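One structure is given below, encoded as structure tokens.
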Amino acid sequence: MTAHAIHIVPVKCSQDEPPALRQGVTELFKAYFDELYELGCDLGFQGFQNEWIDLPGKYDFDKRGGLFVAVTKDPALNLNDVDHSKHVVGCIAIRPLDDKCGEVKRMFIRKSHRRNGIGKILAETIVKHAWELEYEEIKLDSLERLTGAVKLYEAMGFQRIDPYCECPEDDHVCMNLFFNAKEE
């Protein structure tokens with residue numbers, strides 16, 4: 001599977017969307033939680049389990065958030081025909097921290113689809129969406145042990161910053177990216 005066979009789709013969890021999109025997000029959120037737990041990180045302190053129940057929740061497009069998924073589908077088919085959650089192979093979200101700053105959350109790619117450029121496409125999508133929302137800054141937190149994610153964010157220009165949120169993990173890393181009006 002290569003990145004060119006991937007479609008990036010906004011997910012609003014509305015009645016108009018194929019149910020497989022929401023189910024796919026739910027599966028990815030649960031897999032994200034489980035994988036981090038296997039790595040020794042319990043996201044329970046964030047109340048994370050409620051996120052997949054309350055979708056779109058804090059990632060609601062109408063509240064300056066956003067939730068995007070990577071979908072594998074035959075390009076000849078309409079994306080409204082996504083018929084199975086297994087076609088949803090990656091996700092990323094953003095939520096507002098304040099009027100000028102958004103926070104990137106829940107970047108996750110199914111293991112079967114990693115190392116194909118999907119993470120980069122999703123990250124570029126969320127950064128573009130943040131600038132469309134007119135955020136001046138975006139922040140994120142991750143863990144050093146998630147080396148692929150940290151390297152990707154650094155390659156995209158994110159800089160390490162002092163912690164802006166609580167996390168009990170020793171290898172917690174926080175990053176930010178400022179919008180540069182000259183890049184327009």
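Identifiers for the structure tokens are assigned positionally: chains receive A, B, ... in sequence, residues are indexed from 1 per chain, and ligands are indexed from 1 in the order shown.
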
**Request:** From the DSSP assignment of the backbone, select every residue of segment 114-179 of chain A that is strand (DSSP E or B), and format the answer as number ranges by chain.
**Result:** A: 137-143, 159-161, 172-178

Writing out the chosen residues with C-alpha atoms as a short mmCIF file (atom, residue, chain, number, x, y, z; two decimals), in the first residue's frame:
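Listing of again_33.cif after writing:
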data_model
loop_
_atom_site.label_atom_id
_atom_site.label_comp_id
_atom_site.auth_asym_id
_atom_site.auth_seq_id
_atom_site.Cartn_x
_atom_site.Cartn_y
_atom_site.Cartn_z
CA GLU A 137 0.31 28.38 16.86
CA ILE A 138 -0.28 24.67 17.14
CA LYS A 139 1.03 22.49 19.93
CA LEU A 140 1.27 18.78 20.50
CA ASP A 141 2.61 16.35 23.01
CA SER A 142 4.09 12.95 22.37
CA LEU A 143 6.52 10.47 23.86
CA GLN A 159 10.17 22.83 17.93
CA ARG A 160 10.51 21.33 21.38
CA ILE A 161 9.03 23.45 24.14
CA HIS A 172 6.98 13.22 27.57
CA VAL A 173 7.86 15.74 24.88
CA CYS A 174 5.97 18.89 23.92
CA MET A 175 6.33 20.73 20.64
CA ASN A 176 4.89 23.72 18.83
CA LEU A 177 4.75 25.29 15.40
CA PHE A 178 4.04 28.93 14.74
#

**Message:** If DSSP is run on the backbone, what residues of segment 7-171 of chain A are alpha helix (DSSP H)? A reply as a PyMOL selection string would be ideal.
**Reply:** chain A and resi 19-38+118-132+147-155

**A:Ile53, A:Gly40, A:Glu136, A:Lys120 ranked by distance to Glu103 of chain A, top pick (using only C-alpha atoms)** = A:Glu136
